[in-house]
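Novice: The file below is my_file.txt, compact mmCIF, N, CA and C atoms and all ligand atoms:
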```txt
# COMPACT_ATOMS: atom_id res chain seq x y z
N MET A 4 -23.60 -2.03 30.47
CA MET A 4 -23.05 -0.90 29.71
C MET A 4 -21.90 -0.23 30.46
N MET A 5 -20.89 0.15 29.73
CA MET A 5 -19.78 0.88 30.33
C MET A 5 -20.09 2.38 30.34
N THR A 6 -19.65 3.00 31.37
CA THR A 6 -19.84 4.44 31.45
C THR A 6 -18.77 5.13 30.59
N PRO A 7 -19.01 6.36 30.17
CA PRO A 7 -17.97 7.07 29.39
C PRO A 7 -16.64 7.15 30.13
N GLU A 8 -16.68 7.23 31.45
CA GLU A 8 -15.45 7.29 32.25
C GLU A 8 -14.68 5.98 32.13
N GLU A 9 -15.40 4.88 32.19
CA GLU A 9 -14.76 3.56 32.06
C GLU A 9 -14.15 3.39 30.68
N ILE A 10 -14.88 3.82 29.67
CA ILE A 10 -14.38 3.72 28.30
C ILE A 10 -13.12 4.56 28.15
N LYS A 11 -13.16 5.74 28.73
CA LYS A 11 -12.02 6.65 28.66
C LYS A 11 -10.79 6.04 29.32
N ARG A 12 -11.02 5.38 30.44
CA ARG A 12 -9.93 4.75 31.17
C ARG A 12 -9.30 3.63 30.34
N ILE A 13 -10.15 2.83 29.73
CA ILE A 13 -9.67 1.73 28.89
C ILE A 13 -8.86 2.29 27.72
N GLU A 14 -9.36 3.36 27.15
CA GLU A 14 -8.65 3.99 26.04
C GLU A 14 -7.30 4.54 26.49
N GLN A 15 -7.27 5.02 27.72
CA GLN A 15 -6.01 5.54 28.26
C GLN A 15 -5.00 4.42 28.44
N ILE A 16 -5.45 3.30 28.98
CA ILE A 16 -4.58 2.14 29.18
C ILE A 16 -4.04 1.68 27.83
N TRP A 17 -4.93 1.62 26.87
CA TRP A 17 -4.56 1.19 25.53
C TRP A 17 -3.49 2.11 24.97
N GLU A 18 -3.70 3.38 25.15
CA GLU A 18 -2.77 4.38 24.61
C GLU A 18 -1.41 4.30 25.31
N GLU A 19 -1.43 4.10 26.62
CA GLU A 19 -0.19 3.96 27.38
C GLU A 19 0.59 2.73 26.90
N ASN A 20 -0.14 1.66 26.66
CA ASN A 20 0.51 0.44 26.17
C ASN A 20 1.12 0.64 24.80
N MET A 21 0.40 1.35 23.96
CA MET A 21 0.92 1.64 22.63
C MET A 21 2.24 2.37 22.73
N GLU A 22 2.30 3.34 23.61
CA GLU A 22 3.51 4.11 23.79
C GLU A 22 4.61 3.22 24.36
N HIS A 23 4.22 2.38 25.32
CA HIS A 23 5.16 1.50 25.98
C HIS A 23 5.81 0.54 24.99
N PHE A 24 5.02 0.00 24.08
CA PHE A 24 5.54 -0.97 23.13
C PHE A 24 6.13 -0.32 21.88
N GLY A 25 6.23 0.98 21.91
CA GLY A 25 6.91 1.66 20.82
C GLY A 25 6.03 2.01 19.64
N PHE A 26 4.73 1.98 19.84
CA PHE A 26 3.85 2.33 18.74
C PHE A 26 2.94 3.51 19.06
N GLY A 27 3.33 4.27 20.03
CA GLY A 27 2.61 5.49 20.31
C GLY A 27 3.08 6.58 19.37
N PRO A 28 2.36 7.67 19.32
CA PRO A 28 2.73 8.74 18.38
C PRO A 28 4.13 9.29 18.61
N ILE A 29 4.56 9.36 19.87
CA ILE A 29 5.87 9.96 20.17
C ILE A 29 6.99 9.09 19.60
N SER A 30 6.91 7.79 19.87
CA SER A 30 7.96 6.90 19.36
C SER A 30 7.83 6.68 17.86
N MET A 31 6.61 6.66 17.35
CA MET A 31 6.44 6.42 15.92
C MET A 31 6.96 7.57 15.07
N LYS A 32 6.90 8.76 15.63
CA LYS A 32 7.40 9.93 14.89
C LYS A 32 8.91 9.89 14.74
N LYS A 33 9.56 9.08 15.58
CA LYS A 33 11.01 8.99 15.54
C LYS A 33 11.50 7.81 14.72
N GLN A 34 10.57 7.09 14.11
CA GLN A 34 10.97 5.87 13.42
C GLN A 34 10.49 5.81 11.98
N LYS A 35 11.31 5.15 11.19
CA LYS A 35 10.95 4.83 9.81
C LYS A 35 11.12 3.34 9.65
N VAL A 36 10.31 2.76 8.81
CA VAL A 36 10.45 1.33 8.58
C VAL A 36 10.93 1.08 7.16
N CYS A 37 11.92 0.22 7.04
CA CYS A 37 12.50 -0.10 5.74
C CYS A 37 11.52 -0.94 4.93
N LYS A 38 11.28 -0.50 3.70
CA LYS A 38 10.34 -1.24 2.85
C LYS A 38 10.96 -2.56 2.37
N ASN A 39 12.26 -2.60 2.41
CA ASN A 39 12.94 -3.79 1.91
C ASN A 39 13.02 -4.90 2.96
N CYS A 40 13.44 -4.56 4.18
CA CYS A 40 13.64 -5.61 5.18
C CYS A 40 12.80 -5.42 6.43
N GLY A 41 12.08 -4.32 6.53
CA GLY A 41 11.19 -4.12 7.67
C GLY A 41 11.88 -3.63 8.93
N ASN A 42 13.17 -3.39 8.85
CA ASN A 42 13.90 -2.91 10.01
C ASN A 42 13.50 -1.47 10.36
N LEU A 43 13.43 -1.20 11.64
CA LEU A 43 13.10 0.15 12.08
C LEU A 43 14.37 0.98 12.21
N SER A 44 14.31 2.17 11.67
CA SER A 44 15.45 3.08 11.78
C SER A 44 14.98 4.40 12.35
N HIS A 45 15.92 5.17 12.82
CA HIS A 45 15.58 6.48 13.32
C HIS A 45 15.13 7.37 12.17
N ALA A 46 14.18 8.25 12.46
CA ALA A 46 13.59 9.11 11.42
C ALA A 46 14.62 10.01 10.74
N ASP A 47 15.71 10.27 11.42
CA ASP A 47 16.76 11.11 10.85
C ASP A 47 17.53 10.42 9.73
N ARG A 48 17.47 9.09 9.76
CA ARG A 48 18.24 8.31 8.80
C ARG A 48 17.64 8.36 7.41
N GLN A 49 18.49 8.25 6.43
CA GLN A 49 18.02 8.21 5.04
C GLN A 49 18.07 6.80 4.48
N PHE A 50 18.96 6.00 5.05
CA PHE A 50 19.14 4.64 4.55
C PHE A 50 19.04 3.64 5.70
N CYS A 51 18.56 2.46 5.36
CA CYS A 51 18.38 1.39 6.34
C CYS A 51 19.73 0.93 6.89
N GLU A 52 19.78 0.78 8.21
CA GLU A 52 21.01 0.34 8.84
C GLU A 52 21.29 -1.13 8.54
N GLU A 53 20.24 -1.88 8.30
CA GLU A 53 20.39 -3.32 8.06
C GLU A 53 20.83 -3.64 6.64
N CYS A 54 20.11 -3.07 5.67
CA CYS A 54 20.32 -3.49 4.28
C CYS A 54 20.76 -2.36 3.37
N GLY A 55 20.78 -1.15 3.88
CA GLY A 55 21.24 -0.02 3.08
C GLY A 55 20.21 0.50 2.09
N HIS A 56 19.04 -0.07 2.11
CA HIS A 56 17.95 0.36 1.23
C HIS A 56 17.51 1.76 1.64
N ARG A 57 17.13 2.56 0.66
CA ARG A 57 16.70 3.91 0.96
C ARG A 57 15.39 3.88 1.75
N LEU A 58 15.37 4.63 2.82
CA LEU A 58 14.18 4.65 3.67
C LEU A 58 13.13 5.59 3.08
N PRO A 59 11.88 5.30 3.35
CA PRO A 59 10.83 6.19 2.84
C PRO A 59 10.94 7.57 3.47
N ARG A 60 10.36 8.54 2.82
CA ARG A 60 10.38 9.91 3.31
C ARG A 60 9.55 10.04 4.59
N TYR A 61 8.59 9.17 4.71
CA TYR A 61 7.65 9.32 5.80
C TYR A 61 8.03 8.47 7.00
N THR A 62 7.74 9.00 8.17
CA THR A 62 7.96 8.24 9.40
C THR A 62 6.83 7.23 9.56
N LEU A 63 7.07 6.31 10.45
CA LEU A 63 6.07 5.30 10.77
C LEU A 63 4.75 5.96 11.15
N PHE A 64 4.88 7.05 11.84
CA PHE A 64 3.67 7.76 12.27
C PHE A 64 2.88 8.29 11.09
N GLN A 65 3.58 8.88 10.16
CA GLN A 65 2.89 9.45 8.99
C GLN A 65 2.21 8.38 8.15
N ILE A 66 2.86 7.21 8.06
CA ILE A 66 2.26 6.09 7.33
C ILE A 66 1.04 5.57 8.10
N TYR A 67 1.26 5.41 9.38
CA TYR A 67 0.19 4.90 10.24
C TYR A 67 -1.01 5.84 10.22
N ARG A 68 -0.69 7.08 10.17
CA ARG A 68 -1.70 8.12 10.17
C ARG A 68 -2.63 8.03 8.95
N HIS A 69 -2.05 7.59 7.84
CA HIS A 69 -2.85 7.41 6.64
C HIS A 69 -3.81 6.25 6.77
N MET A 70 -3.41 5.29 7.59
CA MET A 70 -4.19 4.07 7.71
C MET A 70 -5.17 4.11 8.88
N HIS A 71 -4.97 5.02 9.77
CA HIS A 71 -5.79 5.06 10.97
C HIS A 71 -6.34 6.46 11.23
N THR A 72 -7.20 6.50 12.20
CA THR A 72 -7.73 7.78 12.62
C THR A 72 -6.78 8.37 13.66
N VAL A 73 -6.44 9.62 13.49
CA VAL A 73 -5.65 10.28 14.52
C VAL A 73 -6.39 11.51 15.00
N CYS A 74 -6.10 11.87 16.22
CA CYS A 74 -6.71 13.05 16.79
C CYS A 74 -6.22 14.29 16.05
N PRO A 75 -7.14 15.12 15.56
CA PRO A 75 -6.71 16.32 14.83
C PRO A 75 -6.04 17.35 15.73
N HIS A 76 -6.21 17.15 17.02
CA HIS A 76 -5.69 18.13 17.97
C HIS A 76 -4.28 17.78 18.45
N CYS A 77 -4.07 16.51 18.83
CA CYS A 77 -2.78 16.17 19.45
C CYS A 77 -2.05 15.02 18.75
N ASP A 78 -2.60 14.52 17.63
CA ASP A 78 -1.94 13.47 16.84
C ASP A 78 -1.90 12.09 17.48
N THR A 79 -2.65 11.90 18.54
CA THR A 79 -2.71 10.57 19.13
C THR A 79 -3.43 9.63 18.17
N VAL A 80 -2.84 8.45 17.97
CA VAL A 80 -3.49 7.48 17.10
C VAL A 80 -4.66 6.85 17.84
N LEU A 81 -5.78 6.80 17.17
CA LEU A 81 -6.99 6.34 17.82
C LEU A 81 -7.44 5.01 17.22
N SER A 82 -8.06 4.21 18.04
CA SER A 82 -8.64 2.99 17.49
C SER A 82 -9.97 3.34 16.84
N LYS A 83 -10.41 2.45 15.97
CA LYS A 83 -11.58 2.71 15.14
C LYS A 83 -12.81 3.17 15.90
N ASN A 84 -13.01 2.55 17.05
CA ASN A 84 -14.27 2.82 17.74
C ASN A 84 -14.18 3.94 18.78
N MET A 85 -13.06 4.63 18.79
CA MET A 85 -12.93 5.73 19.74
C MET A 85 -13.71 6.95 19.26
N LEU A 86 -14.42 7.52 20.15
CA LEU A 86 -15.17 8.72 19.82
C LEU A 86 -14.46 9.96 20.33
N PHE A 87 -13.66 9.75 21.39
CA PHE A 87 -12.94 10.86 21.98
C PHE A 87 -11.46 10.51 22.07
N CYS A 88 -10.64 11.50 21.90
CA CYS A 88 -9.21 11.30 22.07
C CYS A 88 -8.90 11.02 23.53
N PRO A 89 -8.15 9.93 23.82
CA PRO A 89 -7.85 9.61 25.22
C PRO A 89 -6.88 10.61 25.85
N LYS A 90 -6.19 11.34 25.03
CA LYS A 90 -5.20 12.27 25.55
C LYS A 90 -5.78 13.65 25.83
N CYS A 91 -6.48 14.19 24.87
CA CYS A 91 -6.94 15.56 25.04
C CYS A 91 -8.47 15.69 25.07
N SER A 92 -9.13 14.54 24.97
CA SER A 92 -10.60 14.49 25.05
C SER A 92 -11.33 15.19 23.92
N THR A 93 -10.62 15.49 22.86
CA THR A 93 -11.29 16.06 21.69
C THR A 93 -12.23 15.02 21.09
N GLN A 94 -13.40 15.47 20.73
CA GLN A 94 -14.31 14.55 20.06
C GLN A 94 -13.81 14.34 18.64
N VAL A 95 -13.54 13.08 18.30
CA VAL A 95 -12.94 12.81 17.00
C VAL A 95 -13.92 12.23 16.00
N LYS A 96 -15.03 11.80 16.46
CA LYS A 96 -16.05 11.26 15.57
C LYS A 96 -17.40 11.72 16.08
N PRO A 97 -18.29 11.94 15.16
CA PRO A 97 -19.63 12.27 15.65
C PRO A 97 -20.20 11.09 16.42
N VAL A 98 -20.68 11.36 17.58
CA VAL A 98 -21.23 10.28 18.40
C VAL A 98 -22.52 9.80 17.74
N LYS A 99 -22.50 8.50 17.50
CA LYS A 99 -23.70 7.91 16.88
C LYS A 99 -24.89 8.05 17.81
N GLU A 100 -25.93 8.49 17.25
CA GLU A 100 -27.12 8.68 18.07
C GLU A 100 -27.74 7.34 18.40
N LYS A 101 -27.72 7.09 19.65
CA LYS A 101 -28.34 5.83 20.08
C LYS A 101 -29.83 6.04 20.23
N GLN A 102 -30.52 5.11 19.69
CA GLN A 102 -31.95 5.23 19.75
C GLN A 102 -32.45 4.75 21.11
N ILE A 103 -32.70 5.74 21.90
CA ILE A 103 -33.17 5.41 23.24
C ILE A 103 -34.70 5.39 23.24
N THR A 104 -35.17 4.22 23.34
CA THR A 104 -36.62 4.08 23.35
C THR A 104 -37.06 3.53 24.69
N ASN A 105 -37.80 4.28 25.34
CA ASN A 105 -38.31 3.82 26.64
C ASN A 105 -39.75 3.36 26.53
ZN ZN A 201 16.40 -2.57 5.25
ZN ZN A 202 -6.10 14.52 21.10
```
Please rewrite the model in this file as structure tokens.

Specialist:
Amino acid sequence: MMTPEEIKRIEQIWEENMEHFGFGPISMKKQKVCKNCGNLSHADRQFCEECGHRLPRYTLFQIYRHMHTVCPHCDTVLSKNMLFCPKCSTQVKPVKEKQITN
């Protein structure tokens, strides 16, 4: 069994990687994805730089947020099985009661 500290560390690494590869909340808030060609544009843009298609109103983060669990406190995108936010340690899901039978 992993300790909560170990789990937290893994979640931190995961979150750092997400940010590193451009899919963390900070970078995602600055990006929009073109529905027509999939090109990423800056959130300030209204039209796709590649194809000129009108960009959605929502940033990548806002779309992602609809599809995933995010921390209500700091907006960090969480993986399904996270119980605590790796950034601010807010409990994001009720911890399932493990049946400890001795
Ligand atoms: Zn496009
Ligand atoms: Zn948080």

Novice: Calculate how many Å separate atom CA of Asp78 of chain A from atom CA of Met4 of chain A, rounding to one decimal.

Specialist: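 These two atoms are separated by 28.6 Å.
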
Novice: Find the spatial neighbours of Cys74 of chain A, counting only N, CA and C atoms, within a cut-off of 8 Å - ignore same-chain residues fewer than 2 positions away - and output them as an MDAnalysis selection string.

Specialist: chainID A and resid 71:72 76:81 87:89 93:95

Novice: Would you list the residues that come within 5 Å of ligand ZN 201 (chain A)? Count all atoms listed in the file and give the answer as a list in words.

Specialist: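 Listing the residues within 5 Å of ligand ZN 201 (chain A) gives Cys37, Asn39, Cys40, Gly41, Asn42, Cys51, Glu53, Cys54, Gly55 and His56 of chain A.
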
Novice: Separation of atom N of Asn84 of chain A and atom N of Thr62 of chain A, in Å?

Specialist: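 Between these atoms lies a distance of 23.5 Å.
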
Novice: Env of segment 15-29 of chain A: 7 Å cut, atoms = all atoms listed in the file, seq-sep filter 2 positions within chain, self excluded. Answer as an MDAnalysis selection string.

Specialist: chainID A and resid 10:13 31:34 64 78:80 89:90

Novice: Taking the backbone alone, and naming residues the way the document does, which bits of chain A are strand (DSSP E or B) by DSSP, as a PyMOL selection string?

Specialist: chain A and resi 34-36+43-45+50+57+72-73+80-81+87+94

Novice: Could those residues be written to a file, using N, CA and C atoms, as a tab-separated table (two decimals), keeping the file's coordinate frame?

Specialist:
```
chain	number	residue	atom	x	y	z
A	34	GLN	N	10.57	7.09	14.11
A	34	GLN	CA	10.97	5.87	13.42
A	34	GLN	C	10.49	5.81	11.98
A	35	LYS	N	11.31	5.15	11.19
A	35	LYS	CA	10.95	4.83	9.81
A	35	LYS	C	11.12	3.34	9.65
A	36	VAL	N	10.31	2.76	8.81
A	36	VAL	CA	10.45	1.33	8.58
A	36	VAL	C	10.93	1.08	7.16
A	43	LEU	N	13.43	-1.20	11.64
A	43	LEU	CA	13.10	0.15	12.08
A	43	LEU	C	14.37	0.98	12.21
A	44	SER	N	14.31	2.17	11.67
A	44	SER	CA	15.45	3.08	11.78
A	44	SER	C	14.98	4.40	12.35
A	45	HIS	N	15.92	5.17	12.82
A	45	HIS	CA	15.58	6.48	13.32
A	45	HIS	C	15.13	7.37	12.17
A	50	PHE	N	18.96	6.00	5.05
A	50	PHE	CA	19.14	4.64	4.55
A	50	PHE	C	19.04	3.64	5.70
A	57	ARG	N	17.13	2.56	0.66
A	57	ARG	CA	16.70	3.91	0.96
A	57	ARG	C	15.39	3.88	1.75
A	72	THR	N	-7.20	6.50	12.20
A	72	THR	CA	-7.73	7.78	12.62
A	72	THR	C	-6.78	8.37	13.66
A	73	VAL	N	-6.44	9.62	13.49
A	73	VAL	CA	-5.65	10.28	14.52
A	73	VAL	C	-6.39	11.51	15.00
A	80	VAL	N	-2.84	8.45	17.97
A	80	VAL	CA	-3.49	7.48	17.10
A	80	VAL	C	-4.66	6.85	17.84
A	81	LEU	N	-5.78	6.80	17.17
A	81	LEU	CA	-6.99	6.34	17.82
A	81	LEU	C	-7.44	5.01	17.22
A	87	PHE	N	-13.66	9.75	21.39
A	87	PHE	CA	-12.94	10.86	21.98
A	87	PHE	C	-11.46	10.51	22.07
A	94	GLN	N	-13.40	15.47	20.73
A	94	GLN	CA	-14.31	14.55	20.06
A	94	GLN	C	-13.81	14.34	18.64
```

Novice: So what do you get for atom CA of Thr6 of chain A versus atom CA of Met85 of chain A, distance-wise?

Specialist: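 If I compute the distance from atom CA of Thr6 of chain A to atom CA of Met85 of chain A, I get 13.7 Å.
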
Novice: Mind checking DSSP for chain A and telling me the alpha helix (DSSP H) residues as a list in words?

Specialist: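 DSSP on the backbone gives alpha helix (DSSP H) at Pro7, Glu8, Glu9, Ile10, Lys11, Arg12, Ile13, Glu14, Gln15, Ile16, Trp17, Glu18, Glu19, Asn20, Met21, Glu22, His23, Pro28, Ile29, Ser30, Met31, Leu63, Phe64, Gln65, Ile66, Tyr67, Arg68, His69 and Met70 of chain A.
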
Novice: Closest to ligand ZN 202 (chain A) among A:Pro59, A:Ser30, A:Val73, A:Pro97, using only C-alpha atoms and all ligand atoms?

Specialist: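 The shortest atom-to-atom distance to ligand ZN 202 (chain A) comes from A:Val73.
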
Novice: Taking into account only N, CA and C atoms and all ligand atoms, which residue in the set A:Lys96, A:Pro75, A:Leu58, A:Ala46 is nearest to ligand ZN 202 (chain A)?

Specialist: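 Comparing A:Lys96, A:Pro75, A:Leu58, A:Ala46 against ligand ZN 202 (chain A), the winner is A:Pro75.
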
Novice: Have a look at A:Phe50, A:Glu14, A:Lys83, A:Ser92 and name the one nearest to ligand ZN 202 (chain A); count only N, CA and C atoms and all ligand atoms.

Specialist: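 Of A:Phe50, A:Glu14, A:Lys83, A:Ser92, the one nearest ligand ZN 202 (chain A), counting only N, CA and C atoms and all ligand atoms, is A:Ser92.
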